[in-house]
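Engineer: This is upload_30.cif, which holds mmCIF, N, CA and C atoms:
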data_start
#
loop_
_atom_site.label_atom_id
_atom_site.label_comp_id
_atom_site.auth_asym_id
_atom_site.auth_seq_id
_atom_site.Cartn_x
_atom_site.Cartn_y
_atom_site.Cartn_z
N MET A 1 -11.12 30.27 86.62
CA MET A 1 -11.49 31.67 86.74
C MET A 1 -12.12 32.11 85.42
N GLU A 2 -13.13 32.89 85.51
CA GLU A 2 -13.88 33.32 84.34
C GLU A 2 -13.25 34.56 83.69
N LYS A 3 -13.16 34.51 82.36
CA LYS A 3 -12.59 35.64 81.63
C LYS A 3 -13.43 36.91 81.74
N PRO A 4 -14.78 36.83 81.80
CA PRO A 4 -15.54 38.07 81.98
C PRO A 4 -15.18 38.80 83.28
N LEU A 5 -14.90 38.05 84.33
CA LEU A 5 -14.48 38.68 85.58
C LEU A 5 -13.14 39.37 85.40
N ILE A 6 -12.21 38.73 84.73
CA ILE A 6 -10.90 39.33 84.48
C ILE A 6 -11.05 40.58 83.63
N ALA A 7 -11.90 40.53 82.60
CA ALA A 7 -12.12 41.70 81.74
C ALA A 7 -12.68 42.86 82.55
N LYS A 8 -13.59 42.58 83.46
CA LYS A 8 -14.16 43.63 84.31
C LYS A 8 -13.09 44.22 85.22
N MET A 9 -12.23 43.38 85.76
CA MET A 9 -11.14 43.86 86.61
C MET A 9 -10.17 44.72 85.81
N ILE A 10 -9.90 44.35 84.55
CA ILE A 10 -9.04 45.14 83.68
C ILE A 10 -9.67 46.52 83.45
N ARG A 11 -10.96 46.54 83.10
CA ARG A 11 -11.67 47.82 82.88
C ARG A 11 -11.61 48.69 84.13
N ASN A 12 -11.87 48.09 85.28
CA ASN A 12 -11.84 48.87 86.53
C ASN A 12 -10.45 49.42 86.80
N SER A 13 -9.45 48.66 86.47
CA SER A 13 -8.07 49.14 86.64
C SER A 13 -7.80 50.31 85.71
N LEU A 14 -8.30 50.25 84.50
CA LEU A 14 -8.10 51.35 83.54
C LEU A 14 -8.77 52.63 84.00
N TYR A 15 -9.88 52.53 84.72
CA TYR A 15 -10.56 53.72 85.23
C TYR A 15 -9.65 54.52 86.15
N GLN A 16 -8.73 53.85 86.83
CA GLN A 16 -7.79 54.54 87.72
C GLN A 16 -6.83 55.44 86.94
N TYR A 17 -6.69 55.14 85.65
CA TYR A 17 -5.78 55.92 84.79
C TYR A 17 -6.56 56.91 83.93
N GLN A 18 -7.71 57.36 84.45
CA GLN A 18 -8.54 58.39 83.84
C GLN A 18 -9.23 57.97 82.54
N HIS A 19 -9.35 56.68 82.30
CA HIS A 19 -10.11 56.22 81.15
C HIS A 19 -11.58 56.10 81.55
N THR A 20 -12.44 56.31 80.57
CA THR A 20 -13.87 56.12 80.78
C THR A 20 -14.31 54.91 79.97
N ILE A 21 -15.55 54.55 80.07
CA ILE A 21 -16.06 53.40 79.32
C ILE A 21 -15.88 53.60 77.81
N ASP A 22 -15.91 54.85 77.36
CA ASP A 22 -15.76 55.14 75.93
C ASP A 22 -14.31 55.33 75.49
N SER A 23 -13.42 55.54 76.43
CA SER A 23 -12.04 55.84 76.04
C SER A 23 -11.05 54.70 76.30
N ILE A 24 -11.55 53.57 76.72
CA ILE A 24 -10.63 52.45 77.01
C ILE A 24 -9.96 52.03 75.70
N PRO A 25 -8.64 52.06 75.69
CA PRO A 25 -7.89 51.84 74.44
C PRO A 25 -7.60 50.36 74.12
N LEU A 26 -8.49 49.46 74.47
CA LEU A 26 -8.22 48.04 74.26
C LEU A 26 -9.15 47.41 73.24
N THR A 27 -8.59 46.54 72.43
CA THR A 27 -9.39 45.74 71.50
C THR A 27 -9.68 44.40 72.17
N LYS A 28 -10.48 43.59 71.51
CA LYS A 28 -10.75 42.25 72.04
C LYS A 28 -9.46 41.45 72.13
N ALA A 29 -8.60 41.59 71.15
CA ALA A 29 -7.31 40.89 71.17
C ALA A 29 -6.47 41.34 72.37
N ASP A 30 -6.53 42.63 72.69
CA ASP A 30 -5.81 43.15 73.85
C ASP A 30 -6.35 42.52 75.14
N TYR A 31 -7.68 42.49 75.26
CA TYR A 31 -8.29 41.87 76.44
C TYR A 31 -7.89 40.40 76.55
N ASP A 32 -7.91 39.70 75.42
CA ASP A 32 -7.53 38.28 75.43
C ASP A 32 -6.09 38.10 75.88
N TYR A 33 -5.19 38.93 75.34
CA TYR A 33 -3.78 38.86 75.71
C TYR A 33 -3.59 39.13 77.20
N LEU A 34 -4.19 40.22 77.68
CA LEU A 34 -4.04 40.58 79.09
C LEU A 34 -4.66 39.53 80.00
N SER A 35 -5.81 39.01 79.62
CA SER A 35 -6.47 37.97 80.43
C SER A 35 -5.61 36.73 80.54
N GLU A 36 -5.06 36.30 79.43
CA GLU A 36 -4.21 35.11 79.44
C GLU A 36 -2.97 35.34 80.30
N ARG A 37 -2.38 36.50 80.17
CA ARG A 37 -1.19 36.83 80.97
C ARG A 37 -1.52 36.84 82.46
N ILE A 38 -2.63 37.47 82.80
CA ILE A 38 -3.06 37.55 84.20
C ILE A 38 -3.33 36.15 84.76
N LEU A 39 -4.07 35.35 84.02
CA LEU A 39 -4.38 34.00 84.49
C LEU A 39 -3.14 33.14 84.62
N HIS A 40 -2.21 33.29 83.69
CA HIS A 40 -0.95 32.54 83.76
C HIS A 40 -0.19 32.89 85.05
N LEU A 41 -0.06 34.18 85.32
CA LEU A 41 0.66 34.61 86.51
C LEU A 41 -0.07 34.17 87.78
N TYR A 42 -1.39 34.26 87.77
CA TYR A 42 -2.18 33.89 88.94
C TYR A 42 -2.06 32.39 89.23
N HIS A 43 -2.18 31.58 88.21
CA HIS A 43 -2.12 30.13 88.39
C HIS A 43 -0.71 29.66 88.76
N ASN A 44 0.29 30.46 88.47
CA ASN A 44 1.66 30.12 88.85
C ASN A 44 2.06 30.75 90.19
N GLY A 45 1.08 31.25 90.92
CA GLY A 45 1.32 31.75 92.27
C GLY A 45 2.16 33.00 92.36
N LYS A 46 2.02 33.89 91.39
CA LYS A 46 2.83 35.11 91.38
C LYS A 46 2.21 36.26 92.19
N GLY A 47 1.12 36.00 92.88
CA GLY A 47 0.53 37.04 93.72
C GLY A 47 -0.98 36.92 93.77
N GLU A 48 -1.57 37.89 94.46
CA GLU A 48 -3.02 37.98 94.54
C GLU A 48 -3.57 38.48 93.21
N LEU A 49 -4.76 38.05 92.87
CA LEU A 49 -5.35 38.38 91.57
C LEU A 49 -5.42 39.88 91.34
N HIS A 50 -5.93 40.64 92.29
CA HIS A 50 -6.08 42.09 92.08
C HIS A 50 -4.72 42.77 91.88
N GLU A 51 -3.69 42.29 92.57
CA GLU A 51 -2.36 42.87 92.41
C GLU A 51 -1.79 42.55 91.02
N ILE A 52 -2.01 41.34 90.57
CA ILE A 52 -1.54 40.94 89.24
C ILE A 52 -2.22 41.77 88.17
N VAL A 53 -3.54 41.96 88.30
CA VAL A 53 -4.28 42.76 87.32
C VAL A 53 -3.70 44.17 87.27
N GLU A 54 -3.50 44.78 88.43
CA GLU A 54 -2.95 46.14 88.47
C GLU A 54 -1.58 46.20 87.82
N ASP A 55 -0.73 45.24 88.12
CA ASP A 55 0.62 45.23 87.56
C ASP A 55 0.62 45.04 86.06
N VAL A 56 -0.19 44.10 85.57
CA VAL A 56 -0.23 43.81 84.13
C VAL A 56 -0.81 44.99 83.35
N VAL A 57 -1.86 45.61 83.86
CA VAL A 57 -2.46 46.76 83.18
C VAL A 57 -1.47 47.93 83.17
N TYR A 58 -0.82 48.19 84.29
CA TYR A 58 0.17 49.27 84.34
C TYR A 58 1.30 49.02 83.34
N GLU A 59 1.80 47.79 83.33
CA GLU A 59 2.86 47.43 82.39
C GLU A 59 2.40 47.63 80.95
N TYR A 60 1.20 47.20 80.64
CA TYR A 60 0.65 47.34 79.28
C TYR A 60 0.55 48.82 78.90
N LEU A 61 0.02 49.64 79.78
CA LEU A 61 -0.16 51.06 79.47
C LEU A 61 1.18 51.78 79.31
N THR A 62 2.13 51.47 80.15
CA THR A 62 3.41 52.17 80.07
C THR A 62 4.23 51.72 78.87
N GLN A 63 4.07 50.50 78.41
CA GLN A 63 4.79 50.03 77.23
C GLN A 63 4.16 50.55 75.96
N ASN A 64 2.89 50.91 76.00
CA ASN A 64 2.19 51.34 74.79
C ASN A 64 1.98 52.85 74.73
N GLU A 65 2.69 53.61 75.54
CA GLU A 65 2.55 55.06 75.54
C GLU A 65 3.26 55.71 74.36
N GLU A 66 4.21 55.05 73.78
CA GLU A 66 5.05 55.65 72.74
C GLU A 66 4.32 55.94 71.49
#
Could you write out this file's structure as structure tokens?

Structural biologist:
Amino acid sequence: MEKPLIAKMIRNSLYQYQHTIDSIPLTKADYDYLSERILHLYHNGKGELHEIVEDVVYEYLTQNEE
């Protein structure tokens, strides 16, 4: 699976949380971390790709709200 596709899916997921292209709070390191986590879960059969992306992004946002 290609990382650019995963990055696009992450961005699209963030749009659901009222972020815009200019307000996405992720660095390259954040994208790398989230992509690796998503791919790990996907390759280990933890669900459908879009569901995993939604879950990982939600988890990331709720843990970093503080």

Engineer: List the spatial neighbours of region 40-45 of chain A as a PyMOL selection string - criterion: any atom at most 10 Å away, only C-alpha atoms, same-chain residues fewer than 6 positions off excluded.

Structural biologist: chain A and resi 1+34+51-53+56

Engineer: Rounded to one decimal, what separation in Å do you get between atom N of Ala7 (chain A) and atom C of Ser35 (chain A)?

Structural biologist: 7.6 Å

Engineer: Could you work out how far atom C of Asp22 (chain A) lies from atom N of Glu48 (chain A), giving the answer in Å with one decimal?

Structural biologist: 28.7 Å

Engineer: Write out as a PyMOL selection string the set of residues from chain A that DSSP, computed on the backbone, places in alpha helix (DSSP H).

Structural biologist: chain A and resi 3-15+28-43+49-63

Engineer: At most 8 Å from (-10.7, 35.7, 81.0), file frame, all atoms listed in the file: which residues, as a count of residues only?

Structural biologist: 14

Engineer: Expand the PyMOL selection byres (((chain A and resi 26 and name CA) around 12) and name CA) into the explicit residue set it covers here, and present it as a ChimeraX atom specification.

Structural biologist: /A:7,10-11,14,19-25,27-35,57,60-61,64

Engineer: So what do you get for atom C of Gln63 (chain A) versus atom C of Gln18 (chain A), distance-wise?

Structural biologist: 16.7 Å
